[in-house]
file coords-v6.cif (mmCIF, C-alpha atoms)
data_input
#
loop_
_atom_site.group_PDB
_atom_site.id
_atom_site.type_symbol
_atom_site.label_atom_id
_atom_site.label_comp_id
_atom_site.auth_asym_id
_atom_site.auth_seq_id
_atom_site.Cartn_x
_atom_site.Cartn_y
_atom_site.Cartn_z
ATOM 1 C CA MET A 1 -9.559 3.189 13.992
ATOM 2 C CA ASP A 2 -6.653 5.506 14.584
ATOM 3 C CA LYS A 3 -5.262 5.509 18.087
ATOM 4 C CA ASN A 4 -5.380 9.288 18.220
ATOM 5 C CA PHE A 5 -9.100 9.395 17.771
ATOM 6 C CA ASN A 6 -11.424 9.751 20.716
ATOM 7 C CA SER A 7 -13.162 6.798 22.177
ATOM 8 C CA SER A 8 -16.238 5.814 20.221
ATOM 9 C CA SER A 9 -18.154 4.741 23.300
ATOM 10 C CA GLU A 10 -20.262 7.902 23.471
ATOM 11 C CA ARG A 11 -21.374 7.919 19.845
ATOM 12 C CA LYS A 12 -24.545 6.331 18.546
ATOM 13 C CA LEU A 13 -23.841 3.246 16.493
ATOM 14 C CA ASN A 14 -26.495 3.754 13.831
ATOM 15 C CA CYS A 15 -27.102 6.766 11.629
ATOM 16 C CA LYS A 16 -30.724 7.363 10.646
ATOM 17 C CA ASP A 17 -29.862 9.387 7.557
ATOM 18 C CA VAL A 18 -26.624 7.861 6.404
ATOM 19 C CA GLY A 19 -27.035 8.715 2.688
ATOM 20 C CA LYS A 20 -27.607 12.415 3.309
ATOM 21 C CA CYS A 21 -24.874 12.587 5.947
ATOM 22 C CA PHE A 22 -22.234 10.851 3.809
ATOM 23 C CA LYS A 23 -23.015 13.142 0.878
ATOM 24 C CA LEU A 24 -22.518 16.166 3.119
ATOM 25 C CA LEU A 25 -19.320 14.786 4.629
ATOM 26 C CA GLU A 26 -17.846 14.190 1.185
ATOM 27 C CA SER A 27 -18.754 17.715 0.037
ATOM 28 C CA ILE A 28 -17.047 19.164 3.097
ATOM 29 C CA LEU A 29 -13.878 17.150 2.445
ATOM 30 C CA ASP A 30 -13.876 18.370 -1.152
ATOM 31 C CA GLY A 31 -14.068 21.969 0.093
ATOM 32 C CA GLU A 32 -17.538 22.454 -1.386
ATOM 33 C CA ALA A 33 -19.609 23.008 1.747
ATOM 34 C CA ASP A 34 -20.482 26.271 3.516
ATOM 35 C CA LEU A 35 -19.666 27.186 7.106
ATOM 36 C CA GLU A 36 -23.056 26.153 8.427
ATOM 37 C CA SER A 37 -22.452 22.639 7.109
ATOM 38 C CA LYS A 38 -19.164 22.523 8.970
ATOM 39 C CA ASP A 39 -20.995 23.138 12.241
ATOM 40 C CA ILE A 40 -23.261 20.209 11.409
ATOM 41 C CA LEU A 41 -20.131 18.165 10.682
ATOM 42 C CA ASP A 42 -18.665 18.830 14.124
ATOM 43 C CA GLU A 43 -21.874 17.672 15.723
ATOM 44 C CA LYS A 44 -22.037 14.542 13.550
ATOM 45 C CA LEU A 45 -18.465 13.537 14.278
ATOM 46 C CA GLU A 46 -19.030 13.943 17.966
ATOM 47 C CA LYS A 47 -22.256 11.992 18.130
ATOM 48 C CA CYS A 48 -22.434 9.481 15.292
ATOM 49 C CA GLN A 49 -20.038 6.550 14.866
ATOM 50 C CA PRO A 50 -20.881 5.657 11.212
ATOM 51 C CA CYS A 51 -20.409 9.318 10.208
ATOM 52 C CA PHE A 52 -17.185 9.520 12.214
ATOM 53 C CA GLU A 53 -15.767 6.416 10.540
ATOM 54 C CA HIS A 54 -16.870 7.405 7.046
ATOM 55 C CA PHE A 55 -15.429 10.902 7.412
ATOM 56 C CA HIS A 56 -12.013 9.675 8.534
ATOM 57 C CA LEU A 57 -11.796 6.958 5.869
ATOM 58 C CA GLU A 58 -12.742 9.438 3.125
ATOM 59 C CA LYS A 59 -10.270 11.952 4.552
ATOM 60 C CA VAL A 60 -7.364 9.507 4.577
ATOM 61 C CA ILE A 61 -8.171 8.354 1.031
ATOM 62 C CA ARG A 62 -7.854 11.972 -0.151
ATOM 63 C CA GLU A 63 -4.643 12.448 1.836
ATOM 64 C CA VAL A 64 -2.893 9.364 0.455
ATOM 65 C CA LEU A 65 -3.947 10.213 -3.087
ATOM 66 C CA LYS A 66 -2.480 13.669 -2.705
ATOM 67 C CA THR A 67 0.726 12.652 -0.943
ATOM 68 C CA LYS A 68 1.518 9.157 -2.229
ATOM 69 C CA CYS A 69 0.658 9.317 -5.923
ATOM 70 C CA THR A 70 4.114 10.308 -7.030
ATOM 71 C CA LYS A 71 4.429 12.980 -9.633
ATOM 72 C CA HIS A 72 6.194 11.933 -12.787
ATOM 73 C CA MET A 73 9.121 14.185 -13.610
ATOM 74 C CA VAL A 74 8.508 16.314 -16.666
ATOM 75 C CA PRO A 75 11.135 15.517 -19.317
ATOM 76 C CA VAL A 76 13.626 18.403 -19.204
ATOM 77 C CA GLU A 77 13.510 19.074 -22.925
ATOM 78 C CA LEU A 78 9.719 19.286 -23.157
ATOM 79 C CA ALA A 79 9.345 22.993 -22.329
ATOM 80 C CA ASP A 80 12.138 23.893 -24.801
ATOM 81 C CA THR A 81 10.600 21.767 -27.554
ATOM 82 C CA ILE A 82 7.252 23.477 -27.030
ATOM 83 C CA ARG A 83 8.833 26.936 -27.177
ATOM 84 C CA GLN A 84 10.694 26.032 -30.393
ATOM 85 C CA LYS A 85 7.509 24.789 -32.032
ATOM 86 C CA ILE A 86 5.671 27.962 -31.008
ATOM 87 C CA GLN A 87 8.453 30.048 -32.564
ATOM 88 C CA ALA A 88 8.091 28.051 -35.765
ATOM 89 C CA ILE A 89 4.333 28.739 -36.096
ATOM 90 C CA LYS A 90 4.589 32.433 -35.250
ATOM 91 C CA MET B 1 -12.917 26.857 -25.145
ATOM 92 C CA SER B 2 -15.094 29.598 -26.506
ATOM 93 C CA GLU B 3 -14.716 30.006 -30.233
ATOM 94 C CA ILE B 4 -15.813 33.623 -29.924
ATOM 95 C CA GLN B 5 -12.668 35.651 -29.894
ATOM 96 C CA ARG B 6 -12.973 38.453 -27.397
ATOM 97 C CA LYS B 7 -10.132 40.530 -28.756
ATOM 98 C CA LYS B 8 -6.810 40.047 -30.444
ATOM 99 C CA TYR B 9 -3.767 40.037 -28.224
ATOM 100 C CA SER B 10 -0.542 41.645 -29.451
ATOM 101 C CA ASP B 11 2.437 39.324 -29.971
ATOM 102 C CA LYS B 12 3.968 40.706 -26.793
ATOM 103 C CA ASP B 13 0.775 39.971 -24.832
ATOM 104 C CA LYS B 14 0.624 36.474 -26.297
ATOM 105 C CA ASN B 15 4.162 35.750 -25.137
ATOM 106 C CA THR B 16 3.460 37.133 -21.676
ATOM 107 C CA ILE B 17 0.294 35.077 -21.273
ATOM 108 C CA PHE B 18 2.024 31.969 -22.585
ATOM 109 C CA ASP B 19 5.059 32.313 -20.308
ATOM 110 C CA GLN B 20 3.352 33.592 -17.179
ATOM 111 C CA GLU B 21 -0.049 31.894 -17.255
ATOM 112 C CA PHE B 22 0.354 28.736 -19.355
ATOM 113 C CA MET B 23 3.883 27.380 -18.899
ATOM 114 C CA PRO B 24 3.844 27.276 -15.058
ATOM 115 C CA HIS B 25 1.274 24.442 -15.325
ATOM 116 C CA ILE B 26 3.489 22.135 -17.385
ATOM 117 C CA ASP B 27 4.215 19.807 -14.425
ATOM 118 C CA SER B 28 0.535 19.250 -13.671
ATOM 119 C CA MET B 29 -0.263 18.922 -17.377
ATOM 120 C CA TYR B 30 2.407 16.264 -17.860
ATOM 121 C CA ASN B 31 1.225 14.316 -14.831
ATOM 122 C CA PHE B 32 -2.368 14.415 -16.041
ATOM 123 C CA ALA B 33 -1.257 13.326 -19.528
ATOM 124 C CA TYR B 34 0.862 10.497 -18.110
ATOM 125 C CA ARG B 35 -1.959 9.200 -15.928
ATOM 126 C CA LEU B 36 -4.268 9.229 -18.947
ATOM 127 C CA THR B 37 -1.915 7.573 -21.437
ATOM 128 C CA PHE B 38 0.470 5.538 -19.185
ATOM 129 C CA ASP B 39 3.189 6.235 -21.740
ATOM 130 C CA GLU B 40 5.948 8.853 -21.558
ATOM 131 C CA ASP B 41 6.079 9.557 -25.288
ATOM 132 C CA ASP B 42 2.308 9.811 -25.612
ATOM 133 C CA ALA B 43 2.208 12.070 -22.554
ATOM 134 C CA LYS B 44 4.872 14.342 -24.042
ATOM 135 C CA ASP B 45 3.035 14.520 -27.381
ATOM 136 C CA LEU B 46 -0.255 15.218 -25.642
ATOM 137 C CA VAL B 47 1.201 18.068 -23.573
ATOM 138 C CA GLN B 48 2.993 19.497 -26.586
ATOM 139 C CA ASP B 49 -0.171 19.373 -28.724
ATOM 140 C CA THR B 50 -2.120 21.003 -25.909
ATOM 141 C CA TYR B 51 0.325 23.916 -25.650
ATOM 142 C CA LEU B 52 0.359 24.405 -29.420
ATOM 143 C CA LYS B 53 -3.440 24.480 -29.464
ATOM 144 C CA ALA B 54 -3.440 26.848 -26.488
ATOM 145 C CA TYR B 55 -1.165 29.211 -28.407
ATOM 146 C CA ARG B 56 -3.231 28.938 -31.587
ATOM 147 C CA PHE B 57 -6.454 29.728 -29.706
ATOM 148 C CA ILE B 58 -4.914 32.178 -27.247
ATOM 149 C CA ASN B 59 -7.349 34.924 -28.264
ATOM 150 C CA SER B 60 -10.196 32.891 -26.828
ATOM 151 C CA PHE B 61 -8.460 32.780 -23.431
ATOM 152 C CA GLU B 62 -9.641 35.582 -21.186
ATOM 153 C CA ARG B 63 -6.871 37.000 -19.043
ATOM 154 C CA GLY B 64 -7.486 36.710 -15.327
ATOM 155 C CA THR B 65 -9.572 33.566 -15.723
ATOM 156 C CA ASN B 66 -8.352 30.137 -14.682
ATOM 157 C CA ALA B 67 -5.585 29.239 -17.146
ATOM 158 C CA LYS B 68 -4.948 25.860 -15.561
ATOM 159 C CA ALA B 69 -8.591 24.782 -15.985
ATOM 160 C CA TRP B 70 -8.587 26.125 -19.562
ATOM 161 C CA LEU B 71 -5.443 24.123 -20.417
ATOM 162 C CA PHE B 72 -6.731 20.971 -18.728
ATOM 163 C CA ARG B 73 -9.905 21.190 -20.800
ATOM 164 C CA ILE B 74 -7.902 21.359 -24.023
ATOM 165 C CA LEU B 75 -5.725 18.437 -22.905
ATOM 166 C CA LYS B 76 -8.732 16.321 -21.953
ATOM 167 C CA ASN B 77 -10.418 17.009 -25.326
ATOM 168 C CA SER B 78 -7.214 16.224 -27.228
ATOM 169 C CA PHE B 79 -6.900 12.967 -25.335
ATOM 170 C CA ILE B 80 -10.482 11.947 -26.122
ATOM 171 C CA ASN B 81 -10.294 12.970 -29.774
ATOM 172 C CA GLU B 82 -6.835 11.779 -30.688
ATOM 173 C CA TYR B 83 -5.034 9.689 -28.133
ATOM 174 C CA ARG B 84 -7.677 7.456 -26.694
ATOM 175 C CA LYS B 85 -7.955 5.670 -30.032
ATOM 176 C CA LYS B 86 -4.262 5.042 -30.484
ATOM 177 C CA SER B 87 -3.148 4.701 -26.887
ATOM 178 C CA LYS B 88 -0.440 2.051 -26.683
ATOM 179 C CA GLN B 89 -1.925 0.642 -23.524
ATOM 180 C CA PRO B 90 -5.334 -0.910 -24.115
ATOM 181 C CA SER B 91 -8.015 0.869 -22.146
ATOM 182 C CA LYS B 92 -8.502 -0.764 -18.804
ATOM 183 C CA VAL B 93 -12.195 0.009 -18.795
ATOM 184 C CA ASP B 94 -14.222 -2.637 -17.115
ATOM 185 C CA TYR B 95 -17.454 -2.134 -18.973
ATOM 186 C CA GLN B 96 -19.553 -3.977 -16.478
ATOM 187 C CA GLU B 97 -18.182 -1.702 -13.789
ATOM 188 C CA VAL B 98 -19.115 1.301 -15.895
ATOM 189 C CA GLU B 99 -22.570 -0.062 -16.715
ATOM 190 C CA THR B 100 -23.282 -0.708 -13.082
ATOM 191 C CA TYR B 101 -22.148 2.614 -11.766
ATOM 192 C CA TYR B 102 -22.334 5.041 -14.567
ATOM 193 C CA ASN B 103 -25.719 5.662 -15.954
ATOM 194 C CA SER B 104 -27.402 8.038 -13.575
ATOM 195 C CA ASP B 105 -26.696 10.884 -11.223
ATOM 196 C CA ASN B 106 -28.549 9.094 -8.458
ATOM 197 C CA VAL B 107 -25.855 7.709 -6.266
ATOM 198 C CA ASP B 108 -26.336 5.515 -3.300
ATOM 199 C CA TYR B 109 -24.435 7.162 -0.488
ATOM 200 C CA ASN B 110 -25.428 4.450 1.946
ATOM 201 C CA MET B 111 -22.589 2.126 1.059
ATOM 202 C CA THR B 112 -20.063 1.708 3.811
ATOM 203 C CA SER B 113 -16.600 0.250 3.457
ATOM 204 C CA ASP B 114 -14.863 -1.968 5.951
ATOM 205 C CA LEU B 115 -11.522 -0.636 4.806
ATOM 206 C CA ARG B 116 -9.631 0.699 7.813
ATOM 207 C CA VAL B 117 -8.034 4.117 8.125
ATOM 208 C CA ASP B 118 -4.749 2.649 9.386
ATOM 209 C CA THR B 119 -4.663 0.142 6.524
ATOM 210 C CA VAL B 120 -4.920 2.947 3.982
ATOM 211 C CA LYS B 121 -2.273 4.980 5.802
ATOM 212 C CA ASP B 122 0.120 2.022 5.782
ATOM 213 C CA MET B 123 -0.176 1.453 2.053
ATOM 214 C CA LEU B 124 2.726 2.314 -0.186
ATOM 215 C CA GLY B 125 2.582 4.922 -2.903
ATOM 216 C CA ASP B 126 2.758 2.214 -5.560
ATOM 217 C CA GLU B 127 -0.347 0.501 -4.225
ATOM 218 C CA ILE B 128 -2.316 3.736 -4.156
ATOM 219 C CA SER B 129 -1.044 4.703 -7.583
ATOM 220 C CA ASN B 130 -1.816 1.277 -9.075
ATOM 221 C CA ALA B 131 -5.320 1.361 -7.623
ATOM 222 C CA LEU B 132 -5.904 4.780 -9.185
ATOM 223 C CA ASN B 133 -4.450 3.674 -12.528
ATOM 224 C CA SER B 134 -6.688 0.615 -12.604
ATOM 225 C CA LEU B 135 -9.871 2.693 -12.617
ATOM 226 C CA ALA B 136 -11.715 3.366 -15.874
ATOM 227 C CA VAL B 137 -10.476 6.582 -17.426
ATOM 228 C CA ASP B 138 -13.557 8.679 -16.567
ATOM 229 C CA PHE B 139 -13.355 7.689 -12.913
ATOM 230 C CA ARG B 140 -9.593 8.116 -12.831
ATOM 231 C CA THR B 141 -9.932 11.572 -14.348
ATOM 232 C CA VAL B 142 -12.265 12.984 -11.694
ATOM 233 C CA ILE B 143 -9.994 11.744 -8.903
ATOM 234 C CA ILE B 144 -6.912 13.263 -10.559
ATOM 235 C CA LEU B 145 -8.676 16.590 -11.080
ATOM 236 C CA CYS B 146 -10.134 16.765 -7.574
ATOM 237 C CA ASP B 147 -7.591 15.099 -5.297
ATOM 238 C CA LEU B 148 -4.289 15.474 -7.112
ATOM 239 C CA GLU B 149 -4.898 18.863 -8.752
ATOM 240 C CA GLY B 150 -7.366 20.473 -6.362
ATOM 241 C CA PHE B 151 -9.965 21.660 -8.873
ATOM 242 C CA THR B 152 -13.403 22.619 -7.531
ATOM 243 C CA TYR B 153 -16.555 20.805 -8.660
ATOM 244 C CA GLU B 154 -17.425 23.852 -10.780
ATOM 245 C CA GLU B 155 -14.028 23.872 -12.503
ATOM 246 C CA MET B 156 -14.260 20.128 -13.087
ATOM 247 C CA ALA B 157 -17.728 20.545 -14.609
ATOM 248 C CA LYS B 158 -16.260 23.006 -17.113
ATOM 249 C CA ILE B 159 -13.183 20.901 -17.876
ATOM 250 C CA LEU B 160 -15.265 17.776 -18.446
ATOM 251 C CA ASP B 161 -18.373 19.395 -20.000
ATOM 252 C CA ILE B 162 -20.687 17.702 -17.527
ATOM 253 C CA PRO B 163 -23.119 19.106 -14.915
ATOM 254 C CA ILE B 164 -21.888 19.631 -11.343
ATOM 255 C CA GLY B 165 -24.286 16.914 -10.115
ATOM 256 C CA THR B 166 -22.563 14.451 -12.423
ATOM 257 C CA VAL B 167 -19.141 15.543 -11.160
ATOM 258 C CA ARG B 168 -20.271 14.851 -7.614
ATOM 259 C CA SER B 169 -21.806 11.460 -8.369
ATOM 260 C CA ARG B 170 -18.918 10.357 -10.594
ATOM 261 C CA LEU B 171 -16.416 11.291 -7.873
ATOM 262 C CA HIS B 172 -18.375 9.357 -5.276
ATOM 263 C CA ARG B 173 -18.470 6.282 -7.513
ATOM 264 C CA ALA B 174 -14.797 6.663 -8.376
ATOM 265 C CA ARG B 175 -13.788 6.760 -4.720
ATOM 266 C CA ASN B 176 -15.985 3.753 -3.925
ATOM 267 C CA LEU B 177 -14.300 1.799 -6.713
ATOM 268 C CA LEU B 178 -10.908 2.930 -5.429
ATOM 269 C CA LYS B 179 -11.776 1.737 -1.933
ATOM 270 C CA GLU B 180 -12.768 -1.656 -3.339
ATOM 271 C CA LYS B 181 -9.414 -1.911 -5.143
ATOM 272 C CA LEU B 182 -7.529 -0.895 -1.997
ATOM 273 C CA LYS B 183 -9.469 -3.416 0.045
ATOM 274 C CA GLY B 184 -8.515 -6.108 -2.470
ATOM 275 C CA TYR B 185 -4.837 -5.169 -2.181
ATOM 276 C CA ALA B 186 -5.107 -5.075 1.590
ATOM 277 C CA GLN B 187 -6.525 -8.579 1.741
ATOM 278 C CA ASN B 188 -4.005 -9.973 -0.747
ATOM 279 C CA MET B 189 -1.094 -8.463 1.077
ATOM 280 C CA GLY B 190 -2.214 -9.531 4.504
ATOM 281 C CA TYR B 191 -3.093 -6.119 5.849
ATOM 282 C CA ASP B 192 -5.638 -6.153 8.593
ATOM 283 C CA THR B 193 -9.205 -5.536 7.432
ATOM 284 C CA GLU B 194 -12.329 -5.637 9.527
ATOM 285 C CA GLU B 195 -13.724 -8.471 7.409
ATOM 286 C CA GLU B 196 -11.033 -10.787 8.691
ATOM 287 C CA GLN B 197 -11.693 -10.113 12.319
#

call {"tool": "encode", "arguments": {"input": "coords-v6.cif", "output": "structure tokens"}}
result
Amino acid sequence: MDKNFNSSSERKLNCKDVGKCFKLLESILDGEADLESKDILDEKLEKCQPCFEHFHLEKVIREVLKTKCTKHMVPVELADTIRQKIQAIK
Amino acid sequence: MSEIQRKKYSDKDKNTIFDQEFMPHIDSMYNFAYRLTFDEDDAKDLVQDTYLKAYRFINSFERGTNAKAWLFRILKNSFINEYRKKSKQPSKVDYQEVETYYNSDNVDYNMTSDLRVDTVKDMLGDEISNALNSLAVDFRTVIILCDLEGFTYEEMAKILDIPIGTVRSRLHRARNLLKEKLKGYAQNMGYDTEEEQ
């Protein structure tokens, strides 16, 4: 686990409702959860080790996808070709 | 795309919509097309066809609505209808993978991964990109739409013509498959994984 994260010693090591929790955590990371759910998240991350680990793994997966999947450069002539073809069908 | 035409735009309006609402998305469109086809020429043709269709059906685009989602939907449909058949790269679909994961909205969220946060952070862009590219096209698509392009579940449901519940479950499965691929890379390349400890 990341060095910057808090010690896990105070969190419980088993989650009773892991399926429901993971579903919620993933919704929150995808920006689909409401504010109330975010309060629940804070509590989970503070108290539950499996939730804490799942949340941070899912979060880093999203981050690397967004930052490391390089964008392919659009060929320079593509926009011009499209505009020319539009002119032709007008 | 609704076939019901709300109203006819003037030529001037059409040009404004095309330039101001459609063309700014060309980068994202090309990236989506490239990650679907894995071929520069096919990606160019797909984007070009999408823009020509968008212009032809511009009267069914409602101003003020999400142009990017509208364009992505056309591109996705063009890919399915025309390019998937003739794609130069054979589809990398692992049918067993699809069979196992695909057929219901009921997803098991209980699965945990022993992939480590630091391992993922240390991976190179190529490894992440290759892992994404190796997923079956339907799984790859939801990850591109959500994580690379930032669409909401609701927008993805419209782009893909599937219910929101299916978007959610397909995304979950896609990310689980991605984690498995990344774990495989990690083990092959000697990164530290919890399994080895």

call {"tool": "closest_residue", "arguments": {"input": "coords-v6.cif", "among": "B:Arg173, B:Arg63, B:Lys179, B:Lys12", "to": "chain A", "atoms": "only C-alpha atoms"}}
result
B:Lys179

call {"tool": "residues_around", "arguments": {"input": "coords-v6.cif", "residues": "Ile17 (chain B)", "least_positions_apart": "2", "cutoff": "10 Å", "atoms": "only C-alpha atoms", "output": "list in words"}}
result
Tyr9, Asp11, Lys12, Asp13, Lys14, Asn15, Asp19, Gln20, Glu21, Phe22, Met23, Tyr55, Ile58, Phe61, Glu62, Arg63, Gly64 and Ala67 of chain B

call {"tool": "interface_residues", "arguments": {"input": "coords-v6.cif", "of": "chain B", "to": "chain A", "cutoff": "6 Å", "atoms": "only C-alpha atoms", "output": "list of chain:residue names"}}
result
B:Asp27, B:Asn31, B:Gln48, B:Tyr109, B:Asn110, B:Val117, B:Gly125, B:Ser129, B:Asp147, B:Leu148

call {"tool": "residues_around", "arguments": {"input": "coords-v6.cif", "residues": "Lys38 (chain A)", "least_positions_apart": "6", "cutoff": "10 Å", "atoms": "only C-alpha atoms", "output": "ChimeraX atom specification"}}
result
/A:24-25,28-29,44

call {"tool": "atom_distance", "arguments": {"input": "coords-v6.cif", "atom1": "CA of Lys44 (chain B)", "atom2": "CA of Val137 (chain B)"}}
result
18.4 Å
